[in-house]
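Undergrad: Got a structure for you, run_28.txt, holding compact mmCIF, C-alpha atoms and all ligand atoms.
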```txt
# COMPACT_ATOMS: atom_id res chain seq x y z
CA MET A 118 63.69 62.51 138.20
CA PHE A 119 62.85 61.81 134.53
CA LYS A 120 62.69 65.56 133.79
CA ARG A 121 66.22 66.11 135.29
CA ILE A 122 67.79 63.27 133.24
CA SER A 123 66.17 64.43 129.99
CA ALA A 124 67.41 68.01 130.65
CA LEU A 125 70.99 66.69 131.14
CA VAL A 126 70.77 64.67 127.89
CA LEU A 127 69.55 67.77 126.01
CA VAL A 128 72.49 69.85 127.30
CA GLY A 129 74.89 67.07 126.36
CA VAL A 130 73.54 66.78 122.80
CA THR A 131 73.55 70.57 122.26
CA THR A 132 77.15 70.86 123.49
CA LEU A 133 78.27 68.03 121.18
CA ALA A 134 76.47 69.61 118.23
CA MET A 135 78.12 72.98 118.87
CA ALA A 136 81.59 71.44 119.29
CA GLY A 137 81.75 70.38 115.64
CA CYS A 138 81.30 73.93 114.34
CA SER A 139 83.62 75.73 116.67
CA GLY A 140 85.18 77.64 113.75
CA SER A 141 87.37 80.48 114.84
CA GLY A 142 84.55 82.93 114.17
CA GLY A 143 81.65 81.29 112.44
CA SER A 144 79.12 80.24 115.01
CA GLY A 145 76.60 79.51 112.30
CA GLY A 146 77.78 75.96 111.79
CA SER A 147 75.25 73.34 110.77
CA SER A 148 73.08 71.85 113.49
CA ASP A 149 74.66 68.39 113.04
CA GLY A 150 78.18 69.63 113.93
CA LYS A 151 79.46 69.67 110.35
CA ILE A 152 81.87 72.37 109.23
CA VAL A 153 80.04 74.87 107.03
CA MET A 154 82.01 76.20 104.03
CA GLY A 155 80.91 79.12 101.88
CA PHE A 156 82.38 78.68 98.38
CA ALA A 157 82.24 81.56 95.85
CA GLN A 158 82.98 80.05 92.42
CA VAL A 159 84.06 82.15 89.38
CA GLY A 160 81.36 80.88 87.05
CA ALA A 161 80.92 78.06 84.53
CA GLU A 162 82.97 79.52 81.67
CA SER A 163 85.02 76.47 80.71
CA GLY A 164 85.40 72.71 80.90
CA TRP A 165 88.05 73.33 83.55
CA ARG A 166 85.62 75.29 85.73
CA THR A 167 82.96 72.61 85.44
CA ALA A 168 85.46 69.95 86.52
CA ASN A 169 86.66 72.18 89.38
CA THR A 170 83.09 72.73 90.64
CA LYS A 171 82.43 68.97 90.50
CA SER A 172 85.62 68.28 92.46
CA VAL A 173 84.72 70.80 95.19
CA GLN A 174 81.12 69.60 95.53
CA GLU A 175 81.97 65.88 95.55
CA SER A 176 84.87 66.37 97.98
CA ALA A 177 82.68 68.36 100.38
CA LYS A 178 80.17 65.53 100.41
CA SER A 179 82.76 62.84 101.09
CA ALA A 180 84.53 65.02 103.69
CA GLY A 181 81.28 65.67 105.58
CA VAL A 182 81.54 69.43 104.95
CA GLU A 183 78.28 71.34 104.50
CA LEU A 184 78.84 73.40 101.31
CA LYS A 185 77.11 76.68 100.47
CA PHE A 186 77.95 77.29 96.79
CA SER A 187 77.54 80.31 94.50
CA ASP A 188 78.33 80.88 90.79
CA ALA A 189 79.40 84.49 90.12
CA GLN A 190 79.02 84.26 86.33
CA GLN A 191 82.55 85.68 86.04
CA LYS A 192 81.56 88.94 87.81
CA GLN A 193 83.64 90.18 90.76
CA GLU A 194 80.69 92.04 92.28
CA ASN A 195 78.77 88.76 92.48
CA GLN A 196 81.67 87.03 94.24
CA ILE A 197 81.90 89.90 96.75
CA LYS A 198 78.14 89.68 97.37
CA ALA A 199 78.43 85.93 97.95
CA ILE A 200 81.31 86.36 100.40
CA ARG A 201 79.32 89.01 102.33
CA SER A 202 76.37 86.63 102.46
CA TYR A 203 78.58 83.88 103.89
CA ILE A 204 79.84 86.33 106.52
CA GLN A 205 76.22 87.15 107.42
CA GLN A 206 75.45 83.44 107.71
CA LYS A 207 78.47 83.05 110.01
CA VAL A 208 79.93 80.09 108.09
CA ASP A 209 82.98 78.40 109.58
CA VAL A 210 85.26 78.99 106.57
CA ILE A 211 85.11 80.81 103.21
CA ALA A 212 86.87 79.57 100.07
CA PHE A 213 86.86 81.24 96.64
CA SER A 214 88.65 81.48 93.30
CA PRO A 215 89.09 85.27 92.69
CA VAL A 216 87.92 86.03 89.16
CA VAL A 217 90.49 88.86 89.00
CA GLU A 218 93.54 89.62 91.17
CA SER A 219 92.61 93.08 92.47
CA GLY A 220 89.84 94.63 94.56
CA TRP A 221 89.48 92.13 97.43
CA ASP A 222 91.00 93.85 100.49
CA THR A 223 87.75 95.41 101.75
CA VAL A 224 85.67 92.24 101.76
CA LEU A 225 88.57 90.12 103.04
CA ASN A 226 88.95 92.56 105.94
CA GLU A 227 85.23 92.13 106.67
CA ALA A 228 85.75 88.33 106.82
CA ARG A 229 88.76 88.77 109.13
CA ASN A 230 86.80 91.12 111.40
CA ALA A 231 84.08 88.47 111.57
CA LYS A 232 86.83 85.96 112.49
CA ILE A 233 85.99 83.74 109.51
CA PRO A 234 89.11 82.23 107.89
CA VAL A 235 89.47 82.48 104.09
CA ILE A 236 91.16 80.01 101.72
CA LEU A 237 92.11 81.06 98.17
CA THR A 238 91.70 78.24 95.67
CA ASP A 239 92.76 78.14 92.00
CA ARG A 240 93.50 81.86 91.53
CA ALA A 241 95.39 84.41 93.65
CA VAL A 242 94.72 87.99 94.79
CA ASP A 243 97.26 90.83 94.68
CA SER A 244 96.56 91.99 98.28
CA GLN A 245 99.76 93.06 100.02
CA ASP A 246 98.36 91.89 103.37
CA LYS A 247 98.90 88.12 103.29
CA SER A 248 97.11 87.76 106.65
CA LEU A 249 93.82 88.32 104.83
CA TYR A 250 93.75 84.65 103.89
CA LYS A 251 95.10 81.47 105.46
CA THR A 252 96.52 79.77 102.35
CA PHE A 253 96.49 79.76 98.52
CA LEU A 254 95.91 76.35 96.89
CA GLY A 255 96.43 76.24 93.13
CA SER A 256 98.76 75.99 90.15
CA ASP A 257 101.86 78.05 89.40
CA PHE A 258 100.62 79.84 86.28
CA VAL A 259 103.97 81.50 85.49
CA GLU A 260 105.51 78.00 85.40
CA GLU A 261 102.71 76.87 83.08
CA GLY A 262 103.50 79.74 80.70
CA LYS A 263 107.20 78.89 80.80
CA LYS A 264 106.47 75.24 79.94
CA ALA A 265 104.43 76.40 76.93
CA GLY A 266 107.21 78.73 75.79
CA GLN A 267 109.94 76.14 76.25
CA TRP A 268 108.10 73.59 74.11
CA LEU A 269 107.88 76.17 71.30
CA VAL A 270 111.57 77.10 71.58
CA ASP A 271 112.47 73.40 71.39
CA GLN A 272 110.25 72.92 68.31
CA TYR A 273 112.11 75.65 66.42
CA LYS A 274 115.63 75.07 67.77
CA ASP A 275 117.02 74.37 64.27
CA GLY A 276 114.97 77.04 62.47
CA THR A 277 116.07 80.47 61.30
CA ASP A 278 112.90 82.20 60.05
CA GLN A 279 110.71 84.54 62.07
CA VAL A 280 107.93 82.74 63.98
CA ASN A 281 104.69 84.75 64.13
CA ILE A 282 102.70 84.03 67.31
CA VAL A 283 99.16 85.09 68.22
CA GLN A 284 98.02 84.82 71.84
CA LEU A 285 94.50 84.25 73.20
CA GLU A 286 94.68 85.57 76.76
CA GLY A 287 92.43 84.51 79.62
CA THR A 288 90.09 86.82 81.52
CA THR A 289 91.61 90.31 81.72
CA GLY A 290 93.10 90.94 85.16
CA SER A 291 92.95 87.31 86.26
CA ALA A 292 96.01 85.65 87.76
CA PRO A 293 96.13 82.84 85.15
CA ALA A 294 95.98 85.35 82.27
CA ASN A 295 98.63 87.65 83.77
CA ASP A 296 100.99 84.86 84.77
CA ARG A 297 100.63 82.54 81.77
CA LYS A 298 101.41 85.54 79.54
CA GLU A 299 104.38 86.51 81.73
CA GLY A 300 105.89 83.02 81.81
CA PHE A 301 105.45 82.39 78.08
CA GLU A 302 106.81 85.75 76.95
CA GLN A 303 109.73 85.49 79.39
CA VAL A 304 110.91 82.34 77.54
CA VAL A 305 110.18 83.22 73.91
CA SER A 306 111.43 86.82 74.13
CA ALA A 307 114.98 85.44 74.65
CA ASP A 308 115.02 84.53 70.92
CA PRO A 309 114.39 87.43 68.46
CA ARG A 310 112.87 85.03 65.90
CA PHE A 311 109.73 84.71 68.05
CA LYS A 312 107.31 87.60 67.56
CA VAL A 313 103.96 87.90 69.39
CA ILE A 314 102.19 89.77 66.55
CA ALA A 315 98.75 89.90 68.26
CA SER A 316 97.45 89.26 71.78
CA GLN A 317 93.89 89.68 73.04
CA THR A 318 91.56 88.22 75.67
CA GLY A 319 89.16 85.47 74.74
CA ASP A 320 87.87 85.45 78.36
CA PHE A 321 88.56 81.70 78.70
CA THR A 322 85.48 80.85 76.61
CA ARG A 323 85.15 78.85 73.37
CA ALA A 324 82.87 81.42 71.71
CA LYS A 325 85.15 84.38 72.40
CA GLY A 326 88.21 82.35 71.43
CA LYS A 327 86.66 81.66 68.02
CA GLU A 328 85.63 85.31 67.53
CA VAL A 329 89.07 86.71 68.38
CA MET A 330 90.90 84.07 66.29
CA GLU A 331 88.72 85.00 63.29
CA ALA A 332 89.88 88.61 63.73
CA PHE A 333 93.52 87.51 64.09
CA LEU A 334 93.27 85.50 60.84
CA LYS A 335 91.74 88.43 58.93
CA ALA A 336 94.41 90.87 60.13
CA ASN A 337 97.51 88.63 59.91
CA PRO A 338 98.23 86.72 56.66
CA LYS A 339 101.07 84.71 58.24
CA ILE A 340 100.36 83.11 61.63
CA ASP A 341 102.67 80.21 62.60
CA VAL A 342 101.60 79.59 66.21
CA LEU A 343 98.61 80.16 68.51
CA TYR A 344 99.22 80.20 72.27
CA ALA A 345 95.85 79.89 74.02
CA HIS A 346 95.63 80.32 77.81
CA ASN A 347 93.05 77.51 77.99
CA ASP A 348 91.63 74.61 75.97
CA ASP A 349 88.20 76.18 75.51
CA MET A 350 89.65 79.18 73.66
CA ALA A 351 91.92 76.84 71.65
CA LEU A 352 88.89 74.75 70.62
CA GLY A 353 87.05 77.89 69.53
CA ALA A 354 90.13 78.98 67.60
CA ILE A 355 90.26 75.60 65.82
CA GLU A 356 86.77 76.30 64.44
CA ALA A 357 88.00 79.68 63.16
CA ILE A 358 91.16 78.20 61.62
CA GLU A 359 89.21 75.48 59.81
CA GLY A 360 86.66 78.09 58.74
CA ALA A 361 89.53 80.00 57.12
CA GLY A 362 90.50 76.88 55.15
CA LYS A 363 93.66 76.21 57.18
CA VAL A 364 94.70 73.05 59.04
CA PRO A 365 95.03 73.45 62.83
CA GLY A 366 98.12 71.72 64.22
CA LYS A 367 99.78 71.88 60.79
CA ASP A 368 99.39 75.33 59.16
CA ILE A 369 99.14 76.84 62.64
CA LYS A 370 100.69 75.04 65.64
CA ILE A 371 98.50 75.37 68.75
CA ILE A 372 99.77 75.37 72.34
CA SER A 373 97.11 75.28 75.06
CA VAL A 374 96.70 74.98 78.85
CA ASP A 375 94.36 72.88 81.06
CA ALA A 376 94.21 69.35 79.50
CA VAL A 377 90.43 68.93 79.84
CA HIS A 378 88.92 66.05 77.89
CA ASP A 379 87.97 67.96 74.71
CA GLY A 380 91.39 69.59 74.61
CA MET A 381 93.16 66.26 75.03
CA GLN A 382 90.99 64.75 72.27
CA ALA A 383 91.98 67.59 69.92
CA LEU A 384 95.62 66.98 70.88
CA ALA A 385 95.29 63.24 70.18
CA ASP A 386 93.71 64.16 66.81
CA GLY A 387 96.65 66.46 66.00
CA LYS A 388 94.61 69.69 65.93
CA ILE A 389 96.35 70.95 69.08
CA SER A 390 100.14 70.46 69.20
CA PHE A 391 100.96 70.61 72.94
CA ILE A 392 99.03 71.04 76.21
CA VAL A 393 100.27 72.19 79.62
CA GLU A 394 98.16 70.57 82.33
CA CYS A 395 96.39 72.69 84.96
CA SER A 396 94.57 70.41 87.39
CA PRO A 397 91.02 71.41 88.45
CA LEU A 398 90.83 68.55 90.96
CA LEU A 399 91.45 70.78 93.99
CA GLY A 400 88.50 69.55 96.07
CA PRO A 401 90.16 66.94 98.33
CA GLN A 402 93.09 69.22 99.28
CA LEU A 403 90.68 72.13 99.84
CA MET A 404 88.57 70.14 102.32
CA ASP A 405 91.68 68.92 104.21
CA LEU A 406 92.96 72.51 104.46
CA ALA A 407 89.52 73.78 105.56
CA LYS A 408 89.29 71.28 108.42
CA LYS A 409 92.75 72.25 109.65
CA VAL A 410 92.03 75.98 109.36
CA VAL A 411 88.73 75.71 111.26
CA LYS A 412 90.51 73.84 114.04
CA GLY A 413 93.07 76.65 114.18
CA GLU A 414 95.89 74.38 113.01
CA GLN A 415 98.83 75.77 111.02
CA VAL A 416 98.67 75.30 107.22
CA PRO A 417 101.29 76.19 104.56
CA ASP A 418 100.92 79.72 103.09
CA ARG A 419 101.03 78.20 99.60
CA VAL A 420 100.05 74.76 98.28
CA VAL A 421 101.07 74.26 94.64
CA THR A 422 99.16 71.61 92.71
CA GLU A 423 101.15 68.98 90.81
CA GLU A 424 100.72 68.85 87.06
CA THR A 425 102.47 67.81 83.86
CA THR A 426 102.43 68.40 80.06
CA PHE A 427 101.17 66.35 77.13
CA THR A 428 102.38 65.73 73.57
CA GLN A 429 100.08 64.09 71.01
CA GLU A 430 101.32 60.56 71.80
CA GLN A 431 101.06 61.16 75.56
CA ALA A 432 97.49 62.41 75.12
CA LYS A 433 96.50 59.25 73.24
CA ASP A 434 97.89 57.15 76.12
CA ALA A 435 96.37 59.31 78.89
CA LEU A 436 92.86 59.88 77.47
CA PRO A 437 91.24 56.58 78.53
CA GLY A 438 92.15 57.15 82.20
CA ARG A 439 91.40 60.87 82.49
CA LYS A 440 88.99 61.94 85.25
CA TYR A 441 87.92 65.16 83.46
C1 LIG B 1 93.19 78.08 86.02
C2 LIG B 1 91.74 78.51 85.95
C3 LIG B 1 91.40 78.90 84.56
C4 LIG B 1 91.47 77.74 83.56
C5 LIG B 1 90.37 78.11 82.63
O1 LIG B 1 93.49 77.63 87.29
O2 LIG B 1 91.51 79.61 86.81
O3 LIG B 1 90.05 79.37 84.54
O4 LIG B 1 92.72 77.64 82.92
C6 LIG B 1 89.31 78.54 83.61
O5 LIG B 1 89.92 77.08 81.79
O6 LIG B 1 88.27 79.20 83.01
```
Would you mind writing the structure in this file as structure tokens?
Ligand code: GZL

TA:
Amino acid sequence: MFKRISALVLVGVTTLAMAGCSGSGGSGGSSDGKIVMGFAQVGAESGWRTANTKSVQESAKSAGVELKFSDAQQKQENQIKAIRSYIQQKVDVIAFSPVVESGWDTVLNEARNAKIPVILTDRAVDSQDKSLYKTFLGSDFVEEGKKAGQWLVDQYKDGTDQVNIVQLEGTTGSAPANDRKEGFEQVVSADPRFKVIASQTGDFTRAKGKEVMEAFLKANPKIDVLYAHNDDMALGAIEAIEGAGKVPGKDIKIISVDAVHDGMQALADGKISFIVECSPLLGPQLMDLAKKVVKGEQVPDRVVTEETTFTQEQAKDALPGRKY
């Protein structure tokens, strides 16, 4: 009798455990019924990325999602390897921030064939086949570029002279670099006074931003404005500008994107002139979407994160309460 009861209990427990990880394809869910997410992160190139990683990891913990996490060191081949490893491990859902827009169809097809749903977070891919992923959660980078351009146009609305702009672009081929450039140039090109006299990637890092800005300063005697696709490159550029004996925020106006702590501090100090926010706090929404996707529930094709902009005064007010 005892043996029969204990066998029934064992079956019951096993069934319950399996129920929690009934992802549409991943049968490799954790033994305690948690959803298992494979997350392939870009790298650790900026303050934004660090805050994004923290948000994903903390949200997974509080959502009861078992997180497998990889850092691709900004290399696409490492992200593809990580995604293939998650497919092998039969996770319930895969999420990643594509370091560049192109070159994902093959591995995303492999995930679909393995019946493992994919969520894009932060950055987009240029795949024509939208069925390769369930949803894209992240900012509208074209809009961010437009906000940056509009602030500049407003600053010079009464001016008449030519305005020489240099641009520090993000990682070549990445959605934020492509779209922030597109949005900004769409706005400023409407006024012939605005000239982008130099534009080059600083790969979203402080070191590269400084190096490229040093080259810009050597080659261009008159620079009025720097448009940096993220705060880390802007902060590197500030070092270069000061090294050249100029005053950042005064001799050269600086527009940046992200609004991470160090960027906001430089804005409050007047070294940066304007920042367009790009929120890295995508973790909670990502976990909600993952749970729905694993259950086979409908989710929106696109979830755009809410964000704002900051002037110097607004940065001073916002700094004490910032989460990153
Ligand atoms: C934008 C994100 C960008 C940030 C950079 O969503 O992909 O990558 O703007 C980060 O700081 O490196």

Undergrad: Please, which residues in chain A fall within 7 Å of ligand LIG 1 (chain B) when counting all atoms listed in the file, and what is the closest atom pair and distance in Å to one decimal for each, ordered by chain then residue number, as a Markdown table?

TA:
```
| residue | atom | partner | partner_atom | distance |
| --- | --- | --- | --- | --- |
| A:Glu162 | CA | B:LIG1 | O6 | 5.5 |
| A:Ser163 | CA | B:LIG1 | O6 | 4.8 |
| A:Gly164 | CA | B:LIG1 | O5 | 6.3 |
| A:Trp165 | CA | B:LIG1 | O5 | 4.5 |
| A:Arg166 | CA | B:LIG1 | C6 | 5.4 |
| A:Asp239 | CA | B:LIG1 | O1 | 4.8 |
| A:Arg240 | CA | B:LIG1 | O2 | 5.6 |
| A:Gly255 | CA | B:LIG1 | O1 | 6.7 |
| A:Ser256 | CA | B:LIG1 | O1 | 6.2 |
| A:Pro293 | CA | B:LIG1 | C1 | 5.7 |
| A:Phe321 | CA | B:LIG1 | O6 | 5.0 |
| A:His346 | CA | B:LIG1 | O4 | 6.5 |
| A:Asn347 | CA | B:LIG1 | O5 | 4.9 |
| A:Asp348 | CA | B:LIG1 | O5 | 6.5 |
| A:Asp349 | CA | B:LIG1 | O5 | 6.6 |
| A:Val374 | CA | B:LIG1 | O4 | 6.3 |
| A:Asp375 | CA | B:LIG1 | O4 | 5.4 |
| A:Cys395 | CA | B:LIG1 | O1 | 6.2 |
| A:Pro397 | CA | B:LIG1 | O1 | 6.8 |
```

Undergrad: Choose the residue, out of A:Gly266, A:Ala435, A:Ile314, A:Val259, that has the smallest atom-to-atom separation from Phe333 (chain A); count only C-alpha atoms.

TA: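 Comparing A:Gly266, A:Ala435, A:Ile314, A:Val259 against Phe333 (chain A), the winner is A:Ile314.
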
Undergrad: One decimal, in Å: what's the spacing between CA of Gly155 (chain A) and CA of Asp222 (chain A)?

TA: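 Interatomic distance here is 17.9 Å.
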
Undergrad: Can you work out which one of A:Asp278, A:Ile372, A:Gln284, A:Met404 has the shortest atom-to-atom distance to Lys178 (chain A), counting only C-alpha atoms?

TA: A:Met404

Undergrad: Which value, in Å to one decimal, gives the distance between CA of Glu261 (chain A) and CA of Lys325 (chain A)?

TA: 21.9 Å

Undergrad: So, with only C-alpha atoms as the atoms that count, which of A:Lys151, A:Arg297, A:Lys207, A:Arg229 lies closest to Glu183 (chain A)?

TA: A:Lys151

Undergrad: So that I can see what lies close to Ser248 (chain A), please list as number ranges by chain the residues with an atom at most 12 Å from it, counting all atoms listed in the file and leaving out residues fewer than 6 positions away in the same chain.

TA: A: 222, 225-226, 228-230, 232, 234-237, 418

Undergrad: Report as a list in words all protein, DNA and RNA residues lying within 12 Å of Lys335 (chain A), evaluated on only C-alpha atoms, omitting residues in the same chain fewer than 3 positions from it.

TA: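 Once the nearby chain positions are removed, what remains is Ala315, Glu328, Val329, Met330, Glu331, Ala332, Pro338, Lys339, Ile340, Ala357, Ile358, Gly360 and Ala361 of chain A.
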
Undergrad: Can you fill out region 386-398 of chain A with N, CA and C atoms and hand it back as a PDB file, in the frame of the given file?

TA:
```pdb
ATOM      1  N   ASP A 386      94.066  64.103  68.238  1.00  0.00           N
ATOM      2  CA  ASP A 386      93.710  64.160  66.810  1.00  0.00           C
ATOM      3  C   ASP A 386      94.694  65.028  66.013  1.00  0.00           C
ATOM      4  N   GLY A 387      95.643  65.656  66.707  1.00  0.00           N
ATOM      5  CA  GLY A 387      96.650  66.460  66.000  1.00  0.00           C
ATOM      6  C   GLY A 387      96.220  67.883  65.694  1.00  0.00           C
ATOM      7  N   LYS A 388      95.049  68.300  66.199  1.00  0.00           N
ATOM      8  CA  LYS A 388      94.610  69.690  65.930  1.00  0.00           C
ATOM      9  C   LYS A 388      95.267  70.664  66.921  1.00  0.00           C
ATOM     10  N   ILE A 389      95.534  70.193  68.115  1.00  0.00           N
ATOM     11  CA  ILE A 389      96.350  70.950  69.080  1.00  0.00           C
ATOM     12  C   ILE A 389      97.713  70.253  69.092  1.00  0.00           C
ATOM     13  N   SER A 390      98.783  71.025  69.317  1.00  0.00           N
ATOM     14  CA  SER A 390     100.140  70.460  69.200  1.00  0.00           C
ATOM     15  C   SER A 390     100.750  70.108  70.561  1.00  0.00           C
ATOM     16  N   PHE A 391     100.358  70.847  71.619  1.00  0.00           N
ATOM     17  CA  PHE A 391     100.960  70.610  72.940  1.00  0.00           C
ATOM     18  C   PHE A 391     100.036  71.205  73.999  1.00  0.00           C
ATOM     19  N   ILE A 392      99.876  70.509  75.127  1.00  0.00           N
ATOM     20  CA  ILE A 392      99.030  71.040  76.210  1.00  0.00           C
ATOM     21  C   ILE A 392      99.792  71.001  77.531  1.00  0.00           C
ATOM     22  N   VAL A 393      99.710  72.118  78.264  1.00  0.00           N
ATOM     23  CA  VAL A 393     100.270  72.190  79.620  1.00  0.00           C
ATOM     24  C   VAL A 393      99.105  71.922  80.578  1.00  0.00           C
ATOM     25  N   GLU A 394      99.257  70.933  81.430  1.00  0.00           N
ATOM     26  CA  GLU A 394      98.160  70.570  82.330  1.00  0.00           C
ATOM     27  C   GLU A 394      97.991  71.599  83.445  1.00  0.00           C
ATOM     28  N   CYS A 395      96.716  71.864  83.787  1.00  0.00           N
ATOM     29  CA  CYS A 395      96.390  72.690  84.960  1.00  0.00           C
ATOM     30  C   CYS A 395      95.265  71.935  85.654  1.00  0.00           C
ATOM     31  N   SER A 396      95.573  71.297  86.803  1.00  0.00           N
ATOM     32  CA  SER A 396      94.570  70.410  87.390  1.00  0.00           C
ATOM     33  C   SER A 396      93.435  71.157  88.097  1.00  0.00           C
ATOM     34  N   PRO A 397      92.175  70.811  87.757  1.00  0.00           N
ATOM     35  CA  PRO A 397      91.020  71.410  88.450  1.00  0.00           C
ATOM     36  C   PRO A 397      90.605  70.618  89.683  1.00  0.00           C
ATOM     37  N   LEU A 398      91.272  69.468  89.896  1.00  0.00           N
ATOM     38  CA  LEU A 398      90.830  68.550  90.960  1.00  0.00           C
ATOM     39  C   LEU A 398      91.368  68.995  92.314  1.00  0.00           C
TER      40      LEU A 398
END
```
